[in-house]
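Peer 1: One structure, pasted below without further comment.
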Amino acid sequence: MKIFPKVLKKIGGITTVLIRGNDEIEQIIQIAKKIGLSNFVLDTNSSRCVDCNGKIEAIDKIRIMEKVPPRIYERQEKFWSCKGCKKLYWEGTHLVKIQEFVEKLNQRLK
C-alpha cells in the first residue's frame, strides 16, 4: 500500500509527519524540526520505568545490597528504584550509550 504525502498532512484534525529514510537519528531529527524542538535533554529527575512507566526515585545503596550483583554493587554509587514495580536502575553502559545518542541528535539539530 502506498501512502501519499497529501493524505498525511491532516487526518482527523491531527497533524502528521511523513518520515523518510531508514536512519533512526535522521528520523528523529525530521520530527524534532517539524515540531520546533531544538535540543534534547536527559533529565534523571523525570525518568520513568521502562517496564511499568512508574516514577523512579533515588534509593540508598545499603538498601539494595542483596538485590544487585556484587560487582555492580561495588562499582556503582548511585541507584534508583521504580516506585511501581521496584525495578532497580544504576548508571551502566546503557546510560553512556543513551547520552552519546542524545549528543549526536543535538549536534545534528544545530
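So you can find residues: chains in the C-alpha cells are A, B, ... in the order shown, residues in each start at 1, and ligands are numbered from 1 in order.
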Would you kindly return, as a list of chain:residue names, each protein, DNA or RNA residue with an atom no farther than 12 Å from any atom of Leu42 in chain A, considering only C-alpha atoms and excluding same-chain residues fewer than 5 positions away?
Peer 2: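 Non-adjacent residues within range: A:Ser47, A:Arg48, A:Leu95, A:Val96, A:Ile98, A:Gln99, A:Glu100, A:Phe101, A:Val102, A:Glu103, A:Leu105, A:Asn106.
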Peer 1: Kindly export the residues of the current selection with C-alpha atoms, as a short mmCIF file (atom, residue, chain, number, x, y, z; two decimals), in the first residue's frame.
Peer 2:
```
data_model
loop_
_atom_site.label_atom_id
_atom_site.label_comp_id
_atom_site.auth_asym_id
_atom_site.auth_seq_id
_atom_site.Cartn_x
_atom_site.Cartn_y
_atom_site.Cartn_z
CA SER A 47 12.77 9.44 34.33
CA ARG A 48 10.17 6.70 34.13
CA LEU A 95 23.23 5.27 30.03
CA VAL A 96 26.52 6.15 28.34
CA ILE A 98 21.91 6.97 25.52
CA GLN A 99 23.99 10.06 26.33
CA GLU A 100 26.07 9.53 23.17
CA PHE A 101 22.88 9.14 21.12
CA VAL A 102 21.43 12.39 22.53
CA GLU A 103 24.72 14.20 21.81
CA LEU A 105 20.95 14.28 17.93
CA ASN A 106 21.86 17.67 19.37
#
```
Peer 1: List the spatial neighbours of range 30-40 of chain A as a VMD selection string - criterion: any atom at most 10 Å away, only C-alpha atoms, same-chain residues fewer than 6 positions off excluded.
Peer 2: chain A and resid 16 to 21 24 102 to 110
Peer 1: To test your reading of the structure, identify every residue in chain A that backbone DSSP assigns to helix (DSSP H, G or I), and report it as a ChimeraX atom specification.
Peer 2: /A:5-8,24-35,44-46,61-67,70-75,93-109
Peer 1: Restricting the calculation to only C-alpha atoms: of A:Ile28, A:Cys85, A:Val41, A:Ile14, which residue gets closest to Asn53 in chain A?
Peer 2: A:Cys85
Peer 1: Quick one, how far is CA of Asn45 in chain A from CA of Trp80 in chain A?
Peer 2: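 Atom-to-atom, CA of Asn45 in chain A and CA of Trp80 in chain A are spaced 10.5 Å apart.
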Peer 1: Name the residues of chain A that fall into strand (DSSP E or B) according to DSSP on the backbone, using the chain letters and numbers of this document, as a list in words.
Peer 2: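 Put together, the selection reads Lys10, Ile11, Ile14, Thr15, Arg48, Lys55, Ile56, Glu57, Ala58, Ile59, Phe79, Trp80, Ser81, Cys82, Leu88, Tyr89 and Trp90 of chain A.
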Peer 1: When you look at Val50 in chain A with a cut-off of 12 Å (counting only C-alpha atoms), what residues show up, excluding the ones that are within fewer than 6 positions of it in the same chain? I need them as JSON, numbers by chain.
Peer 2: {"A": [56, 81, 82, 84, 85, 86, 87, 88, 89]}
Peer 1: Using only N, CA and C atoms, please write the residues we just selected to a file, as an mmCIF file, in the first residue's frame.
Peer 2:
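File out-v1.cif, as written:
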```
data_model
loop_
_atom_site.group_PDB
_atom_site.id
_atom_site.type_symbol
_atom_site.label_atom_id
_atom_site.label_comp_id
_atom_site.auth_asym_id
_atom_site.auth_seq_id
_atom_site.Cartn_x
_atom_site.Cartn_y
_atom_site.Cartn_z
ATOM 1 N N ILE A 56 10.620 6.993 39.041
ATOM 2 C CA ILE A 56 11.871 6.448 39.557
ATOM 3 C C ILE A 56 12.432 7.426 40.583
ATOM 4 N N SER A 81 15.153 3.289 42.148
ATOM 5 C CA SER A 81 14.149 2.234 42.198
ATOM 6 C C SER A 81 12.822 2.766 41.663
ATOM 7 N N CYS A 82 12.118 1.919 40.928
ATOM 8 C CA CYS A 82 10.791 2.286 40.444
ATOM 9 C C CYS A 82 9.811 2.194 41.610
ATOM 10 N N GLY A 84 6.696 1.886 41.315
ATOM 11 C CA GLY A 84 5.631 0.958 40.969
ATOM 12 C C GLY A 84 6.038 -0.499 41.096
ATOM 13 N N CYS A 85 6.981 -0.918 40.258
ATOM 14 C CA CYS A 85 7.343 -2.341 40.196
ATOM 15 C C CYS A 85 8.626 -2.682 40.952
ATOM 16 N N LYS A 86 9.296 -1.678 41.509
ATOM 17 C CA LYS A 86 10.514 -1.844 42.316
ATOM 18 C C LYS A 86 11.750 -2.246 41.502
ATOM 19 N N LYS A 87 11.680 -2.139 40.188
ATOM 20 C CA LYS A 87 12.853 -2.435 39.358
ATOM 21 C C LYS A 87 13.982 -1.482 39.741
ATOM 22 N N LEU A 88 15.217 -2.006 39.772
ATOM 23 C CA LEU A 88 16.375 -1.202 40.154
ATOM 24 C C LEU A 88 17.138 -0.721 38.929
ATOM 25 N N TYR A 89 17.692 0.488 39.052
ATOM 26 C CA TYR A 89 18.474 1.096 37.977
ATOM 27 C C TYR A 89 19.778 1.640 38.539
#
```
Peer 1: With distances taken over only C-alpha atoms, which of A:Lys97, A:Lys78, A:Ser46, A:Tyr73 is nearest to Asp60 in chain A?
Peer 2: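 Smallest separation from Asp60 in chain A among the options: A:Lys78.
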